[in-house]
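**Q** So that we are looking at the same thing, I have put the structure below in structure tokens.
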Amino acid sequence: MHIDRPASLPALPARSLSAVALALAGSLFGGAVQAQPAPLAGGSLTWGVTTEPVCFDPHRSSQQNSFFLIRNYVDSLIYKKADGTFAPWLATAWTISQDGREYTLTLRKGVTFSDGTPFDAAAVKANLDWVKDPANTANAASFLVYYDHTDVIDPGTAKIVLRQPDSTLLESLSSVKLGFLSPKILTKNVDLCSGGPGVIGTGPFVFEQYRRGQSVTFARNPAYAWPAENAKHRGPAYLDRVTYRFLPEYAVRTGALSSGQVDVIEGVQPTDIGLFQDAEGFQFLTGPSSETSFTLNVNYTQPPADDVRVRQALRDGFNGEAIVRSIYRGTVPRAWSIIGPSNAAYAKPLVGTWGNDIAGANRKLDEAGWTGRDSEGFRTKDGKRLTIALGYPQPYVRDNRDILIQAIQAALRENIGLDLDVRIISAGEWAKQTATGTWTIYPNTDNPSDAAMELWDMLGSGGFLYGNIKTPDAETTGLIDKVRLVPDPTQRQPLLNAIQERGVQQGFIVPLFAPHYQIAAKANVQGLGFEPQLDAPASAYEIWIGK
């Protein structure tokens, strides 16, 4: 749900199998740098993806694996580049007032939604106002906490006005979650989550067909001529259409690519990498990991985790590095903070300072009074077992993360007698828990955004996890509110460090590893790449099929 935020590398072309390495968004592409033939237009591409989107509405979706699909029909005002700066997209230029409260954007001319509606300042206002309206329950509203209104200066100029400065706004405006849908469909108050041709954006593809539980297909938008400034080409997409097949099982995805049923897969099993990396007829690409880490978020207001000693014992009661290595075979780095280790905002002083202290974890539980043992070896206190529930929403289970959690569950039982009650729950049950503030442990990567925004989302007083909890930690939330006011990176970093360090020291968060997308494809698939702001595959705009 959220999850895991910009010079000028858009989607770089994938290299043939013989290639060696290209950097994109801090990641390494496998394959040899060699001259590329001219791109060919036409043809269809089929992806095998791990999860089916719960929602196709960019404003309401909170599922990271949905965003690179949504990006095919949704553009943003600006584009985040690999170096952290921003490039023009639907906005060709922008200025920020001296007090940081007004952002004036010059909009690209000639842009239209796929239903023919002009993209103009009125469309910007309609979308931002719709997201901000509480009646629409848009997840993207978290990006607009300080949004007041948008002034339509003229059709080509929009002024976004904030109630107070927000250093995260440019990053938010580059997010697919604040991408644009036709104002005509916003006013119809229809369920856009269910997808279909009624979901209308300005992107290089249009929504063609959705078969629930099977696939979704997007067809080329022939009028498209407004990619981000640093795109490799300017006109319509090369492909006629792209289909994403929902193949949740590793073996099925691997078999589908190996047998030619699909052209590309993501979520490659660590044990299957050797089938495609440096293998004739295939290519293997690794994406960036600069946003959030996969983290256990611990609700410190719910007993028994309302005791800091219990949270610290949970944090230190297993060997995270060994477990991550055993599950992912060295393909992902260990994480020490909720912010990803490739992110400039990562709190480097945290590295190696916590975790895997079994003796210390047991001492803390003894001090907390959990000194008894039941017939199964779990600690008890006043006749009650030391149990903390972990609810993992089924739509977000992927990349062996459930297996990782089960390994941690077994280690905590053996090492410190803590019962980590792992439950795969429905999206509805999870929504109820967050609405009532009764969630206990939530494992996730946050949706990509500015580091301060990510910390606000996961630990802030109005964010995704603690927004409905009456007594969040005042020191943490105060630091987060403060850093969102600070635009200067040199002034921000000490605050970001303090937030991350407090989160770990208090056991509010237990980071595990820094995920990244791993893609395998046929060797003739060209133009594959990653969008830095998404920390995920780019849209299919640059992709073409070679001979």
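Every chain in the structure tokens has a letter given in the order shown (A, B, ...), and although residue numbers restart at 1 in each chain, ligands are simply numbered from 1 in the order shown.
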Set the distance at 10 Å and use only C-alpha atoms: which residues neighbour Leu534 in chain A once local chain neighbours fewer than 5 positions away are removed? I'd like the list as an MDAnalysis selection string.
**A** chainID A and resid 4:5 64:65 67:68 71 80 174:176 288:291 447:449
**Q** Deliver the residues from the most recent selection as a file, using C-alpha atoms, as a PDB file, in the first residue's frame.
**A**
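Wrote again-v8.pdb, looks like this:
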ATOM      1  CA  ASP A   4       8.462   2.567  -1.643  1.00  0.00           C
ATOM      2  CA  ARG A   5      10.942   8.713  -5.250  1.00  0.00           C
ATOM      3  CA  GLN A  64       3.018  -0.370  -6.150  1.00  0.00           C
ATOM      4  CA  ASN A  65       2.776  -3.226  -8.627  1.00  0.00           C
ATOM      5  CA  PHE A  67       1.644   1.805 -11.017  1.00  0.00           C
ATOM      6  CA  PHE A  68       3.815   0.751 -13.938  1.00  0.00           C
ATOM      7  CA  ARG A  71       1.639   4.697 -16.259  1.00  0.00           C
ATOM      8  CA  LYS A  80      11.714  12.801 -11.845  1.00  0.00           C
ATOM      9  CA  SER A 174       5.915  13.673 -10.611  1.00  0.00           C
ATOM     10  CA  SER A 175       4.048  10.706  -9.125  1.00  0.00           C
ATOM     11  CA  VAL A 176       1.612   8.645 -11.162  1.00  0.00           C
ATOM     12  CA  PRO A 288      16.620   0.745  -8.850  1.00  0.00           C
ATOM     13  CA  SER A 289      16.044   0.401  -5.112  1.00  0.00           C
ATOM     14  CA  SER A 290      16.174   3.998  -3.961  1.00  0.00           C
ATOM     15  CA  GLU A 291      12.793   4.410  -2.310  1.00  0.00           C
ATOM     16  CA  ASN A 447       4.589   3.985  -2.575  1.00  0.00           C
ATOM     17  CA  PRO A 448       7.469   6.015  -4.042  1.00  0.00           C
ATOM     18  CA  SER A 449       7.583   9.630  -2.943  1.00  0.00           C
TER      19      SER A 449
END
**Q** Can you tell me, as JSON, numbers by chain, what residues are no more than 12 Å from Thr187 in chain A when counting only C-alpha atoms, ignoring any on the same chain fewer than 6 positions away?
**A** {"A": [123, 126, 127, 129, 130, 136, 181]}
**Q** Suppose we keep N, CA and C atoms; can you now write the selection as a short mmCIF file (atom, residue, chain, number, x, y, z; two decimals), in the first residue's frame?
**A**
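As written to disk, selection_7.cif reads:
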data_model
loop_
_atom_site.label_atom_id
_atom_site.label_comp_id
_atom_site.auth_asym_id
_atom_site.auth_seq_id
_atom_site.Cartn_x
_atom_site.Cartn_y
_atom_site.Cartn_z
N ALA A 123 -8.20 21.39 -16.26
CA ALA A 123 -8.06 19.95 -16.00
C ALA A 123 -7.15 19.69 -14.81
N ALA A 126 -9.27 20.50 -11.79
CA ALA A 126 -10.30 19.49 -11.58
C ALA A 126 -9.73 18.24 -10.92
N ASN A 127 -8.55 17.81 -11.38
CA ASN A 127 -7.95 16.61 -10.82
C ASN A 127 -7.47 16.82 -9.38
N ASP A 129 -8.38 19.12 -7.21
CA ASP A 129 -9.53 19.34 -6.33
C ASP A 129 -10.24 18.02 -6.04
N TRP A 130 -10.37 17.17 -7.05
CA TRP A 130 -11.03 15.87 -6.86
C TRP A 130 -10.25 15.01 -5.87
N ASN A 136 -14.04 11.67 -1.90
CA ASN A 136 -13.57 10.77 -2.95
C ASN A 136 -12.59 9.71 -2.45
N LEU A 181 -6.57 12.36 -15.18
CA LEU A 181 -7.68 11.71 -15.84
C LEU A 181 -8.60 12.78 -16.43
#
**Q** When you count only C-alpha atoms, which of these residues is closest to Thr106 in chain A: A:Thr137, A:Gln526, A:Thr157, A:Thr46?
**A**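 When distances to Thr106 in chain A are compared using only C-alpha atoms, the smallest one comes from A:Thr157.
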**Q** Near Arg163 in chain A, counting only C-alpha atoms, which residues have an atom at most 8 Å away, once you skip same-chain residues fewer than 3 positions from it, shown as an MDAnalysis selection string?
**A** chainID A and resid 101 146:148
**Q** Give the answer as one residue: which of A:Phe284, A:Tyr79, A:Tyr224, A:Tyr541 has the shortest atom-to-atom distance to Gly116 in chain A, using only C-alpha atoms?
**A** A:Tyr224
**Q** Quick one: everything within 9 Å of Thr104 in chain A, counting only C-alpha atoms, minus sequence neighbours fewer than 4 positions away in the same chain. Send it as an MDAnalysis selection string.
**A** chainID A and resid 93:97 157:161
**Q** Could you list, with a cut-off of 12 Å and counting only C-alpha atoms, the residues of range 62-180 of chain A near range 328-342 of chain A, each shown with its nearest atom pair and the distance in Å rounded to one decimal, rows sorted by chain and ascending number, as a tab-separated table?
**A**
residue	atom	partner	partner_atom	distance
A:Ala82	CA	A:Ser342	CA	11.3
A:Asp83	CA	A:Ser342	CA	11.4
A:Gly84	CA	A:Ser342	CA	11.6
**Q** Okay, now the selection with C-alpha atoms, as a JSON list (two decimals), in the first residue's frame?
**A**
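Printed below is out_14.json as written:
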[["chain", "number", "residue", "atom", "x", "y", "z"],
["A", 82, "ALA", "CA", 17.70, 9.53, -12.01],
["A", 83, "ASP", "CA", 19.81, 12.23, -10.33],
["A", 84, "GLY", "CA", 16.90, 13.51, -8.22]]
**Q** Enumerate, as a ChimeraX atom specification, the complete set of residues in range 122-350 of chain A that a backbone-based DSSP assignment places in helix (DSSP H, G or I).
**A** /A:122-132,134-136,139-144,169-173,176-178,183-186,250-258,270-276,308-316,320-328,348-350
**Q** Just want the 12 Å neighbourhood of Phe207 in chain A, counted on only C-alpha atoms, with same-chain residues fewer than 2 positions away dropped. Output as a VMD selection string.
**A** chain A and resid 56 to 57 69 to 74 114 to 115 192 194 to 205 209 to 211 215 to 221 241 to 244
**Q** Can you tell me which residues surround Gly507 in chain A at a distance of at most 8 Å, considering only C-alpha atoms, apart from same-chain residues fewer than 6 positions away, and format the answer as an mmCIF file with N, CA and C atoms, in the first residue's frame?
**A**
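Done, and the output landed in selection.cif:
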data_model
loop_
_atom_site.group_PDB
_atom_site.id
_atom_site.type_symbol
_atom_site.label_atom_id
_atom_site.label_comp_id
_atom_site.auth_asym_id
_atom_site.auth_seq_id
_atom_site.Cartn_x
_atom_site.Cartn_y
_atom_site.Cartn_z
ATOM 1 N N VAL A 298 5.465 -1.517 13.155
ATOM 2 C CA VAL A 298 4.909 -2.032 14.406
ATOM 3 C C VAL A 298 4.045 -0.947 15.049
ATOM 4 N N VAL A 308 8.125 -0.610 24.783
ATOM 5 C CA VAL A 308 9.296 -0.462 23.924
ATOM 6 C C VAL A 308 10.219 -1.665 24.021
ATOM 7 N N ARG A 311 9.029 -4.296 21.608
ATOM 8 C CA ARG A 311 9.350 -3.928 20.224
ATOM 9 C C ARG A 311 10.843 -4.121 19.931
ATOM 10 N N GLN A 312 11.677 -3.735 20.873
ATOM 11 C CA GLN A 312 13.117 -3.891 20.671
ATOM 12 C C GLN A 312 13.515 -5.361 20.634
ATOM 13 N N LEU A 314 11.565 -7.786 19.518
ATOM 14 C CA LEU A 314 11.147 -8.212 18.184
ATOM 15 C C LEU A 314 12.178 -7.794 17.145
ATOM 16 N N ARG A 315 12.652 -6.581 17.246
ATOM 17 C CA ARG A 315 13.652 -6.048 16.304
ATOM 18 C C ARG A 315 14.952 -6.846 16.340
#
**Q** Write out as an NGL selection string which residues come within 12 Å of Leu45 in chain A when counting only C-alpha atoms, dropping same-chain ones fewer than 2 positions away.
**A** :A and (41-43 or 47-48 or 216-220 or 238-245 or 257 or 260-265 or 521-522 or 524-526 or 528 or 540-541 or 543-546)
**Q** Enumerate the residues of range 324-436 of chain A with a DSSP assignment of strand (DSSP E or B), computed from the backbone, and present them as a list of chain:residue names.
**A**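 Filtering range 324-436 of chain A to strand (DSSP E or B) leaves A:Arg334, A:Ile339, A:Gly372, A:Arg373, A:Arg379, A:Thr380, A:Lys381, A:Lys384, A:Arg385, A:Thr387, A:Ile388, A:Ala389, A:Leu390, A:Gly391, A:Tyr392, A:Pro393, A:Asp419, A:Leu420, A:Asp421, A:Val422, A:Arg423, A:Ile424, A:Ile425.
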**Q** Name the closest residue to Thr380 in chain A among the candidates A:Arg363, A:Ala411, A:Ala368, A:Asn139; distances are taken between atoms, counting only C-alpha atoms.
**A**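 The answer is A:Ala368, which sits nearest to Thr380 in chain A.
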**Q** Interatomic distance between CA of Arg423 in chain A and CA of Ile519 in chain A?
**A**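 Computing it gives 29.1 Å between the two atoms.
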**Q** Which residue out of A:Thr51, A:Thr440, A:Thr150, A:Gln518 has the minimum interatomic distance to Asn297 in chain A when only C-alpha atoms are used?
**A** A:Thr440
**Q** Which residue gives the smallest distance to Asp535 in chain A among A:Ile358, A:Leu465, A:Ala514, A:Ile416, with only C-alpha atoms counted?
**A** A:Ala514
